[in-house]
>>> print(open('coords27.cif').read())   # mmCIF, C-alpha atoms
data_entry
#
loop_
_atom_site.label_atom_id
_atom_site.label_comp_id
_atom_site.auth_asym_id
_atom_site.auth_seq_id
_atom_site.Cartn_x
_atom_site.Cartn_y
_atom_site.Cartn_z
CA MET U 871 0.00 0.00 0.00
CA PHE U 872 1.06 3.58 -0.61
CA GLY U 873 2.62 5.59 2.19
CA ARG U 874 1.30 8.98 1.06
CA VAL U 875 -1.33 10.01 -1.51
CA LEU U 876 -1.95 13.45 -3.00
CA ILE U 877 -5.57 14.33 -3.78
CA ALA U 878 -5.73 16.52 -6.89
CA ASN U 879 -9.10 17.97 -6.00
CA ARG U 880 -11.08 19.92 -3.41
CA GLY U 881 -14.42 19.91 -1.60
CA GLU U 882 -16.34 16.84 -0.53
CA ILE U 883 -14.55 14.36 -2.79
CA ALA U 884 -11.16 15.42 -1.42
CA VAL U 885 -12.47 14.94 2.12
CA ARG U 886 -13.91 11.54 1.12
CA VAL U 887 -10.57 10.33 -0.26
CA ILE U 888 -8.74 11.60 2.82
CA GLN U 889 -11.10 9.60 5.05
CA ALA U 890 -10.60 6.38 3.08
CA ALA U 891 -6.83 6.83 2.99
CA LYS U 892 -6.59 7.42 6.72
CA GLU U 893 -8.52 4.21 7.40
CA LEU U 894 -5.89 2.37 5.35
CA GLY U 895 -3.06 4.03 7.27
CA VAL U 896 -2.09 6.22 4.30
CA GLU U 897 -0.99 9.83 4.78
CA THR U 898 -2.65 12.47 2.61
CA VAL U 899 -1.61 15.62 0.80
CA ALA U 900 -4.17 18.31 -0.01
CA VAL U 901 -3.67 20.90 -2.72
CA TYR U 902 -5.38 24.25 -2.54
CA SER U 903 -5.88 27.50 -4.39
CA ASP U 904 -5.90 31.01 -2.98
CA ALA U 905 -9.65 30.70 -2.36
CA ASP U 906 -9.29 27.40 -0.47
CA GLU U 907 -6.47 28.14 1.94
CA THR U 908 -8.63 27.34 4.99
CA ALA U 909 -10.98 24.85 3.33
CA LYS U 910 -12.14 21.65 5.03
CA HIS U 911 -10.07 19.33 2.85
CA VAL U 912 -6.96 21.33 3.76
CA ARG U 913 -7.76 21.09 7.47
CA HIS U 914 -8.23 17.31 7.28
CA ALA U 915 -5.11 16.39 5.30
CA ASP U 916 -1.73 15.58 6.85
CA VAL U 917 0.10 17.94 4.47
CA ALA U 918 -1.13 20.77 2.24
CA ARG U 919 0.42 22.54 -0.74
CA HIS U 920 -0.64 25.76 -2.44
CA VAL U 921 -0.87 25.30 -6.23
CA GLY U 922 -2.08 28.61 -7.58
CA ALA U 923 -4.71 31.29 -7.94
CA SER U 924 -8.43 30.95 -7.24
CA VAL U 925 -9.47 30.33 -10.85
CA ALA U 926 -9.27 26.59 -11.54
CA ARG U 927 -7.12 26.82 -14.67
CA LYS U 928 -4.37 28.41 -12.55
CA SER U 929 -4.55 25.88 -9.73
CA TYR U 930 -6.61 22.68 -9.81
CA LEU U 931 -6.21 22.38 -13.59
CA ASP U 932 -2.49 23.16 -13.59
CA GLN U 933 -1.03 19.75 -14.38
CA ALA U 934 2.59 20.73 -13.83
CA ALA U 935 1.85 22.31 -10.47
CA ILE U 936 -0.05 19.24 -9.26
CA VAL U 937 2.70 16.79 -10.24
CA GLU U 938 5.35 19.06 -8.75
CA ALA U 939 3.38 19.22 -5.49
CA ALA U 940 3.35 15.41 -5.39
CA ARG U 941 7.11 15.31 -5.94
CA GLU U 942 7.81 17.98 -3.31
CA THR U 943 5.72 16.20 -0.67
CA ASP U 944 7.05 12.70 -1.44
CA ALA U 945 3.62 11.42 -2.43
CA ASP U 946 3.54 7.91 -3.86
CA ALA U 947 0.34 8.37 -5.84
CA ILE U 948 -2.21 10.91 -7.06
CA HIS U 949 -5.97 10.48 -6.72
CA PRO U 950 -7.86 12.84 -9.06
CA GLY U 951 -11.35 12.60 -7.54
CA TYR U 952 -13.97 13.68 -10.08
CA GLY U 953 -14.10 16.78 -12.23
CA PHE U 954 -11.04 18.95 -12.86
CA LEU U 955 -8.32 16.57 -14.15
CA ALA U 956 -10.06 13.29 -13.34
CA GLU U 957 -10.88 12.43 -16.96
CA SER U 958 -7.87 14.10 -18.54
CA GLU U 959 -6.00 11.48 -20.53
CA SER U 960 -3.04 13.87 -20.85
CA PHE U 961 -2.82 14.31 -17.07
CA ALA U 962 -3.09 10.56 -16.47
CA ARG U 963 -0.29 10.00 -18.97
CA ARG U 964 1.82 12.71 -17.34
CA VAL U 965 1.44 11.01 -13.97
CA GLU U 966 2.15 7.57 -15.44
CA GLU U 967 5.38 8.90 -16.92
CA SER U 968 6.47 10.32 -13.55
CA GLU U 969 7.64 8.44 -10.49
CA VAL U 970 4.15 8.81 -8.96
CA ALA U 971 1.38 6.21 -9.34
CA TRP U 972 -1.94 7.09 -10.98
CA ILE U 973 -5.09 6.09 -9.08
CA GLY U 974 -7.35 5.60 -12.05
CA PRO U 975 -7.69 3.70 -15.33
CA PRO U 976 -4.76 3.59 -17.77
CA ALA U 977 -4.35 6.68 -19.92
CA ASP U 978 -4.79 4.67 -23.13
CA VAL U 979 -8.13 3.31 -21.90
CA MET U 980 -9.21 6.79 -20.87
CA ALA U 981 -8.38 8.02 -24.36
CA ASP U 982 -10.50 5.26 -25.92
CA PHE U 983 -13.51 6.03 -23.75
CA GLY U 984 -13.01 9.76 -24.14
CA GLU U 985 -14.02 9.45 -27.80
CA LYS U 986 -17.60 8.22 -27.98
CA THR U 987 -17.30 6.51 -31.35
CA LYS U 988 -14.34 4.47 -30.05
CA ALA U 989 -16.25 3.63 -26.88
CA ARG U 990 -19.26 2.48 -28.91
CA ALA U 991 -17.03 0.28 -31.06
CA ILE U 992 -15.40 -1.33 -28.00
CA MET U 993 -18.78 -2.12 -26.49
CA LYS U 994 -20.23 -3.44 -29.75
CA ARG U 995 -17.29 -5.83 -30.12
CA ALA U 996 -17.89 -6.98 -26.53
CA GLY U 997 -21.53 -7.76 -27.33
CA VAL U 998 -22.98 -4.86 -25.32
CA PRO U 999 -26.11 -3.29 -26.88
CA VAL U 1000 -25.55 0.26 -28.16
CA VAL U 1001 -28.01 2.87 -29.40
CA PRO U 1002 -28.27 2.71 -33.22
CA GLY U 1003 -25.80 5.28 -34.52
CA THR U 1004 -22.95 6.02 -36.89
CA ASP U 1005 -19.77 4.01 -36.40
CA ASP U 1006 -17.64 7.00 -37.38
CA THR U 1007 -17.87 10.75 -37.03
CA VAL U 1008 -19.90 12.67 -39.61
CA ASP U 1009 -18.79 15.67 -41.63
CA SER U 1010 -21.81 16.78 -43.63
CA PRO U 1011 -25.55 17.44 -43.31
CA ASP U 1012 -26.13 14.78 -45.94
CA GLU U 1013 -24.68 12.11 -43.64
CA VAL U 1014 -27.04 13.19 -40.86
CA ARG U 1015 -30.00 13.09 -43.24
CA ALA U 1016 -29.01 9.65 -44.55
CA PHE U 1017 -28.99 8.30 -40.99
CA ALA U 1018 -32.38 9.90 -40.29
CA ASP U 1019 -33.81 8.44 -43.50
CA GLU U 1020 -32.89 4.98 -42.21
CA HIS U 1021 -33.82 5.35 -38.54
CA GLY U 1022 -36.33 8.21 -38.52
CA TYR U 1023 -36.38 11.49 -36.63
CA PRO U 1024 -35.59 12.58 -34.00
CA VAL U 1025 -31.85 11.98 -34.06
CA ALA U 1026 -29.13 13.24 -31.75
CA ILE U 1027 -25.94 14.90 -33.01
CA LYS U 1028 -23.35 14.39 -30.28
CA ALA U 1029 -19.83 15.66 -29.66
CA ASP U 1030 -17.37 12.79 -30.00
CA GLY U 1031 -15.41 14.03 -27.00
CA GLY U 1032 -18.47 15.16 -25.07
CA GLY U 1033 -20.53 14.34 -22.04
CA GLY U 1034 -22.93 15.89 -19.56
CA GLY U 1035 -25.22 17.10 -22.34
CA ARG U 1036 -22.63 19.47 -23.81
CA GLY U 1037 -22.26 19.20 -27.55
CA LEU U 1038 -25.57 17.35 -27.88
CA LYS U 1039 -28.21 18.69 -30.26
CA VAL U 1040 -31.53 17.00 -31.02
CA VAL U 1041 -32.82 17.21 -34.60
CA GLU U 1042 -36.58 16.86 -34.94
CA ARG U 1043 -36.95 17.53 -38.68
CA ASP U 1044 -34.94 17.82 -41.86
CA ARG U 1045 -34.69 21.60 -41.99
CA GLU U 1046 -32.92 21.72 -38.59
CA VAL U 1047 -29.95 19.59 -39.64
CA GLU U 1048 -27.49 22.31 -40.74
CA ASP U 1049 -27.98 24.56 -37.72
CA ARG U 1050 -27.87 21.75 -35.16
CA LEU U 1051 -24.81 20.18 -36.77
CA GLU U 1052 -22.87 23.44 -36.58
CA ALA U 1053 -24.05 24.09 -33.02
CA ALA U 1054 -22.88 20.65 -31.86
CA ARG U 1055 -19.51 21.19 -33.54
CA ARG U 1056 -19.07 24.58 -31.88
CA GLU U 1057 -19.85 23.21 -28.43
CA GLY U 1058 -17.55 20.24 -28.96
CA GLU U 1059 -14.73 22.60 -29.88
CA ALA U 1060 -15.46 24.96 -26.99
CA TYR U 1061 -15.85 22.37 -24.22
CA PHE U 1062 -13.67 19.47 -25.36
CA ASP U 1063 -11.28 20.98 -27.92
CA ASN U 1064 -12.74 18.50 -30.41
CA PRO U 1065 -15.28 19.55 -33.06
CA ALA U 1066 -15.94 15.99 -34.29
CA VAL U 1067 -19.53 14.73 -33.96
CA TYR U 1068 -21.48 11.55 -34.61
CA VAL U 1069 -25.19 10.72 -34.88
CA GLU U 1070 -27.44 8.46 -32.82
CA LYS U 1071 -31.10 7.59 -32.78
CA TYR U 1072 -32.65 9.82 -30.12
CA LEU U 1073 -34.49 7.95 -27.37
CA GLU U 1074 -37.37 10.19 -26.38
CA ASN U 1075 -38.30 8.95 -22.90
CA PRO U 1076 -35.45 6.90 -21.45
CA ARG U 1077 -34.31 6.17 -17.93
CA HIS U 1078 -30.65 6.82 -17.15
CA ILE U 1079 -29.14 3.81 -15.40
CA GLU U 1080 -25.48 3.33 -14.55
CA VAL U 1081 -23.46 0.44 -13.20
CA GLN U 1082 -20.59 0.83 -10.74
CA VAL U 1083 -17.66 -1.35 -11.78
CA LEU U 1084 -14.28 -2.27 -10.30
CA ALA U 1085 -11.47 -4.00 -12.16
CA ASP U 1086 -7.95 -4.87 -11.05
CA ALA U 1087 -4.74 -5.33 -13.00
CA HIS U 1088 -4.98 -9.12 -12.63
CA GLY U 1089 -7.94 -9.58 -14.95
CA ASN U 1090 -10.70 -9.51 -12.36
CA ALA U 1091 -13.80 -7.37 -12.90
CA ARG U 1092 -16.84 -6.93 -10.67
CA HIS U 1093 -20.01 -4.91 -10.89
CA LEU U 1094 -21.65 -3.43 -7.79
CA TYR U 1095 -25.10 -3.25 -9.36
CA GLU U 1096 -26.91 -0.24 -10.68
CA ARG U 1097 -27.96 3.31 -9.81
CA ASP U 1098 -30.93 5.04 -11.40
CA CYS U 1099 -29.98 8.63 -12.24
CA SER U 1100 -33.08 9.68 -14.16
CA VAL U 1101 -33.86 12.78 -12.07
CA GLN U 1102 -31.89 15.30 -14.10
CA ARG U 1103 -32.15 18.98 -14.81
CA ARG U 1104 -30.67 20.00 -18.16
CA GLN U 1105 -28.92 16.62 -18.24
CA GLN U 1106 -27.27 17.15 -14.86
CA LYS U 1107 -28.06 14.57 -12.19
CA LEU U 1108 -29.71 15.69 -8.96
CA ILE U 1109 -31.11 12.55 -7.31
CA GLU U 1110 -29.81 8.99 -7.65
CA GLU U 1111 -31.18 5.75 -6.24
CA THR U 1112 -30.66 2.01 -6.06
CA PRO U 1113 -32.15 -0.37 -6.92
CA SER U 1114 -33.67 1.12 -10.03
CA PRO U 1115 -37.45 0.81 -9.58
CA SER U 1116 -37.79 0.35 -13.36
CA LEU U 1117 -35.81 -2.89 -13.75
CA ASP U 1118 -37.00 -6.41 -13.18
CA ASP U 1119 -34.49 -8.89 -11.79
CA GLU U 1120 -33.72 -10.49 -15.15
CA THR U 1121 -33.03 -7.17 -16.89
CA ARG U 1122 -30.96 -6.00 -13.93
CA GLU U 1123 -28.69 -9.03 -14.13
CA GLU U 1124 -28.32 -8.69 -17.91
CA LEU U 1125 -27.50 -4.99 -17.74
CA CYS U 1126 -24.95 -5.37 -14.93
CA ALA U 1127 -23.32 -8.37 -16.59
CA ALA U 1128 -23.03 -6.35 -19.82
CA ALA U 1129 -21.18 -3.63 -17.92
CA SER U 1130 -18.62 -6.10 -16.54
CA GLN U 1131 -18.26 -7.71 -19.94
CA GLY U 1132 -17.58 -4.37 -21.60
CA ILE U 1133 -14.93 -3.12 -19.19
CA SER U 1134 -13.15 -6.49 -19.23
CA ALA U 1135 -12.96 -6.33 -23.02
CA ALA U 1136 -11.55 -2.81 -22.84
CA GLY U 1137 -8.73 -3.66 -20.44
CA TYR U 1138 -10.17 -1.28 -17.87
CA VAL U 1139 -8.50 -1.02 -14.45
CA ASN U 1140 -9.72 0.74 -11.26
CA ALA U 1141 -13.19 2.16 -10.56
CA GLY U 1142 -15.54 3.36 -13.26
CA THR U 1143 -19.16 3.68 -14.24
CA VAL U 1144 -20.82 2.22 -17.30
CA GLU U 1145 -23.87 4.29 -18.22
CA PHE U 1146 -26.93 3.04 -20.08
CA LEU U 1147 -30.20 4.38 -21.39
CA TYR U 1148 -33.19 2.17 -20.67
CA GLU U 1149 -36.48 2.48 -22.51
CA ALA U 1150 -39.52 0.59 -21.20
CA ASP U 1151 -41.79 -1.13 -23.71
CA GLY U 1152 -45.01 -0.53 -21.76
CA ASN U 1153 -45.40 -4.20 -20.86
CA GLY U 1154 -43.15 -4.37 -17.82
CA ALA U 1155 -39.96 -4.92 -19.80
CA GLY U 1156 -37.69 -2.85 -22.00
CA ASP U 1157 -34.34 -2.48 -23.74
CA PHE U 1158 -31.06 -1.02 -22.51
CA TYR U 1159 -28.32 0.61 -24.58
CA PHE U 1160 -24.76 1.61 -23.75
CA LEU U 1161 -24.28 5.36 -23.41
CA GLU U 1162 -20.75 6.02 -22.13
CA VAL U 1163 -18.10 5.10 -19.57
CA ASN U 1164 -17.13 7.56 -16.86
CA ALA U 1165 -13.49 6.69 -16.24
CA ARG U 1166 -13.34 7.90 -12.63
CA ILE U 1167 -15.16 7.87 -9.33
CA GLN U 1168 -18.68 9.30 -9.56
CA VAL U 1169 -20.35 11.92 -7.38
CA GLU U 1170 -23.02 9.34 -6.55
CA HIS U 1171 -20.71 6.49 -5.50
CA PRO U 1172 -21.98 6.59 -1.87
CA VAL U 1173 -25.31 5.16 -3.07
CA THR U 1174 -23.50 1.96 -4.03
CA GLU U 1175 -21.32 1.94 -0.92
CA VAL U 1176 -24.32 2.11 1.38
CA ALA U 1177 -26.22 -0.57 -0.56
CA THR U 1178 -23.33 -3.05 -0.84
CA GLY U 1179 -21.09 -2.24 2.12
CA ILE U 1180 -18.10 -1.99 -0.23
CA ASP U 1181 -15.88 1.08 0.11
CA VAL U 1182 -15.28 2.06 -3.52
CA VAL U 1183 -12.55 4.61 -2.70
CA LYS U 1184 -10.56 2.14 -0.63
CA GLN U 1185 -10.84 -0.30 -3.51
CA GLN U 1186 -9.44 2.36 -5.84
CA LEU U 1187 -6.38 2.76 -3.62
CA ARG U 1188 -5.85 -0.97 -3.27
CA ILE U 1189 -6.18 -1.62 -7.01
CA ALA U 1190 -3.72 1.17 -7.84
CA ALA U 1191 -1.28 -0.32 -5.32
CA GLY U 1192 -1.42 -3.62 -7.24
CA ASP U 1193 -3.80 -5.64 -5.06
CA GLU U 1194 -6.32 -8.10 -6.43
CA LEU U 1195 -10.01 -7.60 -5.75
CA ASP U 1196 -10.69 -9.49 -2.53
CA PHE U 1197 -14.31 -10.47 -3.22
CA ASP U 1198 -16.19 -12.49 -5.83
CA GLN U 1199 -19.20 -11.34 -7.82
CA GLU U 1200 -21.40 -13.65 -5.76
CA ASP U 1201 -20.31 -11.82 -2.61
CA VAL U 1202 -21.95 -8.57 -3.79
CA GLU U 1203 -25.42 -8.51 -2.24
CA PRO U 1204 -27.14 -5.11 -2.21
CA ARG U 1205 -29.58 -4.58 0.64
CA GLY U 1206 -32.62 -2.35 0.93
CA ALA U 1207 -32.96 0.90 -1.00
CA VAL U 1208 -30.79 4.04 -1.09
CA MET U 1209 -31.21 7.58 -2.45
CA GLU U 1210 -28.70 10.41 -2.75
CA PHE U 1211 -29.66 14.09 -2.88
CA ARG U 1212 -27.12 16.59 -4.19
CA ILE U 1213 -27.26 19.68 -2.02
CA ASN U 1214 -26.06 22.58 -4.15
CA ALA U 1215 -25.61 26.24 -3.29
CA GLU U 1216 -28.31 27.27 -5.76
CA ASP U 1217 -31.67 28.99 -5.51
CA PRO U 1218 -34.42 26.78 -6.97
CA TYR U 1219 -36.82 29.74 -6.82
CA ASP U 1220 -34.50 31.72 -9.14
CA ASP U 1221 -33.85 29.20 -11.91
CA PHE U 1222 -31.18 27.52 -9.77
CA ALA U 1223 -28.87 30.54 -9.82
CA PRO U 1224 -25.64 29.94 -7.83
CA THR U 1225 -25.64 31.39 -4.31
CA PRO U 1226 -22.04 31.46 -3.02
CA GLY U 1227 -21.53 32.82 0.47
CA THR U 1228 -20.75 31.93 4.06
CA LEU U 1229 -22.53 29.13 5.89
CA GLU U 1230 -23.73 31.10 8.91
CA THR U 1231 -25.65 28.05 10.11
CA TYR U 1232 -24.96 24.53 8.90
CA ARG U 1233 -26.67 21.65 10.66
CA ARG U 1234 -26.56 18.27 8.98
CA PRO U 1235 -29.40 15.75 9.21
CA THR U 1236 -28.72 12.77 11.45
CA GLY U 1237 -30.43 9.59 12.58
CA MET U 1238 -31.08 6.11 11.31
CA GLY U 1239 -30.12 5.53 7.69
CA VAL U 1240 -28.61 8.98 6.99
CA ARG U 1241 -25.06 9.52 5.69
CA VAL U 1242 -23.70 12.97 4.84
CA ASP U 1243 -20.67 13.53 2.61
CA ASP U 1244 -19.69 17.19 2.43
CA GLY U 1245 -16.76 19.53 2.02
CA VAL U 1246 -17.77 22.30 4.42
CA ASP U 1247 -18.43 23.03 8.07
CA GLN U 1248 -20.35 25.85 9.69
CA GLY U 1249 -18.56 29.14 9.10
CA ASP U 1250 -16.96 27.98 5.86
CA ALA U 1251 -17.51 29.79 2.57
CA VAL U 1252 -19.00 28.28 -0.58
CA SER U 1253 -16.73 29.72 -3.25
CA PRO U 1254 -18.00 31.33 -6.47
CA PHE U 1255 -14.99 29.90 -8.34
CA TYR U 1256 -16.00 26.25 -8.34
CA ASP U 1257 -18.88 23.79 -8.54
CA SER U 1258 -21.78 24.69 -6.24
CA LEU U 1259 -22.00 21.28 -4.54
CA VAL U 1260 -22.13 21.68 -0.76
CA GLY U 1261 -22.61 18.01 0.05
CA LYS U 1262 -24.67 14.89 -0.43
CA TYR U 1263 -27.37 13.43 1.78
CA VAL U 1264 -27.49 9.66 1.34
CA VAL U 1265 -30.58 8.02 2.81
CA SER U 1266 -31.18 4.28 3.15
CA GLY U 1267 -34.03 2.06 4.27
CA GLY U 1268 -35.62 -1.33 3.90
CA ASP U 1269 -37.45 -0.39 0.72
CA ARG U 1270 -38.19 2.62 -1.48
CA ASP U 1271 -41.23 3.69 0.53
CA GLU U 1272 -39.20 3.83 3.73
CA VAL U 1273 -36.46 5.79 1.98
CA LEU U 1274 -39.00 8.33 0.68
CA ALA U 1275 -40.36 8.90 4.19
CA ARG U 1276 -36.91 8.99 5.79
CA SER U 1277 -35.61 11.38 3.12
CA ARG U 1278 -38.43 13.82 3.77
CA ARG U 1279 -37.60 13.70 7.47
CA ALA U 1280 -33.85 14.14 6.91
CA LEU U 1281 -34.14 17.00 4.44
CA GLY U 1282 -36.59 18.78 6.71
CA GLU U 1283 -34.19 18.36 9.63
CA ALA U 1284 -31.28 20.08 7.86
CA ASP U 1285 -30.71 23.73 8.71
CA VAL U 1286 -28.63 25.91 6.37
CA GLU U 1287 -28.47 29.70 6.62
CA GLY U 1288 -26.33 32.24 4.77
CA ILE U 1289 -26.89 30.72 1.33
CA SER U 1290 -29.81 29.26 -0.58
CA THR U 1291 -29.70 25.53 -1.34
CA THR U 1292 -31.58 22.96 -3.38
CA ILE U 1293 -33.18 21.39 -0.28
CA PRO U 1294 -36.63 22.92 -1.02
CA PHE U 1295 -36.42 21.50 -4.53
CA HIS U 1296 -35.69 18.01 -3.24
CA LEU U 1297 -38.61 18.20 -0.81
CA ALA U 1298 -40.90 19.21 -3.66
CA VAL U 1299 -39.74 16.25 -5.77
CA LEU U 1300 -40.35 13.88 -2.85
CA ASP U 1301 -43.95 15.11 -2.73
CA ASP U 1302 -44.51 14.83 -6.47
CA ASP U 1303 -46.75 11.92 -7.50
CA ARG U 1304 -44.86 11.22 -10.72
CA PHE U 1305 -41.60 10.67 -8.84
CA ARG U 1306 -43.21 8.76 -5.99
CA GLU U 1307 -44.99 6.43 -8.41
CA ASN U 1308 -41.83 5.93 -10.52
CA GLU U 1309 -43.35 7.47 -13.64
CA HIS U 1310 -40.43 9.82 -14.33
CA THR U 1311 -37.80 9.75 -17.09
CA THR U 1312 -34.77 11.92 -17.84
CA LYS U 1313 -37.17 14.58 -19.17
CA TYR U 1314 -39.24 14.69 -16.01
CA LEU U 1315 -37.76 17.82 -14.44
CA ASP U 1316 -37.43 19.81 -17.66
CA GLU U 1317 -40.85 19.00 -19.09
CA GLN U 1318 -43.20 17.62 -16.43
CA PHE U 1319 -42.26 18.87 -12.98
CA ASP U 1320 -43.93 22.14 -12.04
CA GLY U 1321 -42.86 22.41 -8.40
CA PHE U 1322 -41.02 25.70 -8.98
CA GLU U 1323 -42.98 27.39 -11.75
#
>>> encode(input="coords27.cif", output="structure tokens")
Amino acid sequence: MFGRVLIANRGEIAVRVIQAAKELGVETVAVYSDADETAKHVRHADVARHVGASVARKSYLDQAAIVEAARETDADAIHPGYGFLAESESFARRVEESEVAWIGPPADVMADFGEKTKARAIMKRAGVPVVPGTDDTVDSPDEVRAFADEHGYPVAIKADGGGGGRGLKVVERDREVEDRLEAARREGEAYFDNPAVYVEKYLENPRHIEVQVLADAHGNARHLYERDCSVQRRQQKLIEETPSPSLDDETREELCAAASQGISAAGYVNAGTVEFLYEADGNGAGDFYFLEVNARIQVEHPVTEVATGIDVVKQQLRIAAGDELDFDQEDVEPRGAVMEFRINAEDPYDDFAPTPGTLETYRRPTGMGVRVDDGVDQGDAVSPFYDSLVGKYVVSGGDRDEVLARSRRALGEADVEGISTTIPFHLAVLDDDRFRENEHTTKYLDEQFDGFE
């Protein structure tokens, strides 16, 4: 096992990695910007190093500064968390070429999954169902129209290097092709430095279901079952749960087995998430299709940890240190139901506008079945320079009904003053019949939920 690990991140994920490392007897190094000098992750680490100015590109995105901080503090490895440099193939390669170990998948695998057409090809060869789409990128409106002629509108033009809804444009009719193609290219260039796009059949009312996977360098791969992430606003996840209330047992096993099969074929190592779209057929069944691989830890990993009892972050550290997975697939037995609520510093009454500021009061919910992962304490500031996530409330119970009731209690128990948060939004969703009756899809919040009109 490593003696010292540097966490190339901030906020709640940095705190989470520090906690896991300490339980393994591993010292930790925090990095911080000007804005984060007194932040919680800095206070909890054994060693801290300043890496630059408040803006992320001059600190948390400065690859040279991060690697130099690891060298200066004698760190054995770097954990990237999520966001920032976590899915940067160039950063992973830079770390791999240094004397410091990389806690993540190999750079070559990250590069493959970073390009969606390559990822689709890998999964197709592994026998994993993929959404009907082009095998290569497209260059002209005629290619988009030819695909639509075969599969019908609507179709989705998607950035090859994209994710999170950026670089995705839906085409409903022929006359929209040129404008949407150019818009997708522009966004791909702006967000991912890659203007290449491809085309897929657009699924109009899917569920978003992802599978947590772990794979070691000895050829072992395991799945930790699924999370349903269908509650999204503008394609950004807000509530996640397991088990997915939309899957029957047979479909669940098929989907999770497909995830393991795909990552094994790709030579994947460490933790990752295989994401699928699932479309019900109206008769209690449905079809699932590969969407993408997130080659990192996910924000919502605590949902899986609570359900399975497996510490995903500790497993990341052990795998990177060369250990074999110490459990078989048959040992993974999820229990009960779990939901995670992302508590952001945003005002749901003002179109979710960010609300940075100081936490004058910050009281976490407690009690049976409540876990809180956060990166702040009372008196801390939520910075305007970074993501607005304050923390995550993870609520578990014997079944979904108990989790719904317990979540309402826990969210109502929280007390936050000094900033606005998304807690009122979550309470409104919990009271919405469509969500309670599991009638929601990925379009639910944008098109059907009227809790904050």
>>> residues_around(input="coords27.cif", residues="Pro976 (chain U)", least_positions_apart="6", cutoff="10 Å", atoms="all atoms listed in the file", output="mmCIF file with C-alpha atoms, in the frame of the given file")
data_model
loop_
_atom_site.group_PDB
_atom_site.id
_atom_site.type_symbol
_atom_site.label_atom_id
_atom_site.label_comp_id
_atom_site.auth_asym_id
_atom_site.auth_seq_id
_atom_site.Cartn_x
_atom_site.Cartn_y
_atom_site.Cartn_z
ATOM 1 C CA GLU U 959 -6.000 11.480 -20.530
ATOM 2 C CA ALA U 962 -3.090 10.560 -16.470
ATOM 3 C CA ARG U 963 -0.290 10.000 -18.970
ATOM 4 C CA GLU U 966 2.150 7.570 -15.440
ATOM 5 C CA GLY U 1137 -8.730 -3.660 -20.440
ATOM 6 C CA TYR U 1138 -10.170 -1.280 -17.870
ATOM 7 C CA VAL U 1139 -8.500 -1.020 -14.450
ATOM 8 C CA ASN U 1140 -9.720 0.740 -11.260
ATOM 9 C CA ALA U 1165 -13.490 6.690 -16.240
#
>>> atom_distance(input="coords27.cif", atom1="CA of Glu1080 (chain U)", atom2="CA of Ala1066 (chain U)")
25.3 Å
>>> residues_around(input="coords27.cif", residues="Glu1272 (chain U)", least_positions_apart="4", cutoff="12 Å", atoms="all atoms listed in the file", output="list in words")
Gly1206, Ala1207, Val1208, Met1209, Met1238, Gly1239, Val1265, Ser1266, Gly1267, Gly1268, Arg1276, Ser1277, Arg1278, Arg1279 and Arg1306 of chain U
>>> atom_distance(input="coords27.cif", atom1="CA of Val1260 (chain U)", atom2="CA of Arg1097 (chain U)")
21.3 Å
>>> axis_aligned_box(input="coords27.cif", around="region 942-955 of chain U", padding_each_side="6 Å", output="AutoDock Vina command-line options")
--center_x -3.1 --center_y 13.4 --center_z -7.4 --size_x 33.9 --size_y 23.0 --size_z 25.5
>>> atom_distance(input="coords27.cif", atom1="CA of Gln1105 (chain U)", atom2="CA of Asp1316 (chain U)")
9.1 Å
>>> residues_around(input="coords27.cif", residues="region 899-912 of chain U", least_positions_apart="4", cutoff="10 Å", atoms="only C-alpha atoms", output="VMD selection string")
chain U and resid 874 to 888 916 to 926 928 to 930 935 to 936 939 to 940 943 to 945 948 1244 to 1247 1250 to 1256
>>> residues_around(input="coords27.cif", residues="Leu1084 (chain U)", least_positions_apart="4", cutoff="6 Å", atoms="only C-alpha atoms", output="list in words")
Ala1091, Arg1092, Asn1140 and Ala1141 of chain U
>>> closest_residue(input="coords27.cif", among="U:Gly1035, U:Gly1058, U:Gly1142, U:Gly984", to="Ser958 (chain U)", atoms="only C-alpha atoms")
U:Gly984
>>> resolve_selection(input="coords27.cif", expression="the PyMOL selection byres ((chain U and resi 1087) around 10)", output="PyMOL selection string")
chain U and resi 975+1085-1086+1088-1091+1137-1140+1189-1195
>>> resolve_selection(input="coords27.cif", expression="the PyMOL selection byres ((chain U and resi 1069) around 6)", output="PyMOL selection string")
chain U and resi 1003-1004+1026-1027+1068+1070
>>> write_last_selection(input="coords27.cif", atoms="C-alpha atoms", output="compact mmCIF listing (two decimals), keeping the file's coordinate frame")
# COMPACT_ATOMS: atom_id res chain seq x y z
CA GLY U 1003 -25.80 5.28 -34.52
CA THR U 1004 -22.95 6.02 -36.89
CA ALA U 1026 -29.13 13.24 -31.75
CA ILE U 1027 -25.94 14.90 -33.01
CA TYR U 1068 -21.48 11.55 -34.61
CA GLU U 1070 -27.44 8.46 -32.82
>>> resolve_selection(input="coords27.cif", expression="the PyMOL selection byres ((chain U and resi 1130) around 12)", output="ChimeraX atom specification")
/U:993,996-998,1080-1085,1089-1096,1123-1129,1131-1139,1141-1145,1163,1199
>>> residues_around(input="coords27.cif", residues="Tyr1072 (chain U)", least_positions_apart="3", cutoff="9 Å", atoms="all atoms listed in the file", output="mmCIF file with C-alpha atoms, in the frame of the given file")
data_model
loop_
_atom_site.group_PDB
_atom_site.id
_atom_site.type_symbol
_atom_site.label_atom_id
_atom_site.label_comp_id
_atom_site.auth_asym_id
_atom_site.auth_seq_id
_atom_site.Cartn_x
_atom_site.Cartn_y
_atom_site.Cartn_z
ATOM 1 C CA VAL U 1001 -28.010 2.870 -29.400
ATOM 2 C CA PRO U 1002 -28.270 2.710 -33.220
ATOM 3 C CA TYR U 1023 -36.380 11.490 -36.630
ATOM 4 C CA PRO U 1024 -35.590 12.580 -34.000
ATOM 5 C CA VAL U 1025 -31.850 11.980 -34.060
ATOM 6 C CA ALA U 1026 -29.130 13.240 -31.750
ATOM 7 C CA ILE U 1027 -25.940 14.900 -33.010
ATOM 8 C CA VAL U 1040 -31.530 17.000 -31.020
ATOM 9 C CA VAL U 1041 -32.820 17.210 -34.600
ATOM 10 C CA VAL U 1069 -25.190 10.720 -34.880
#
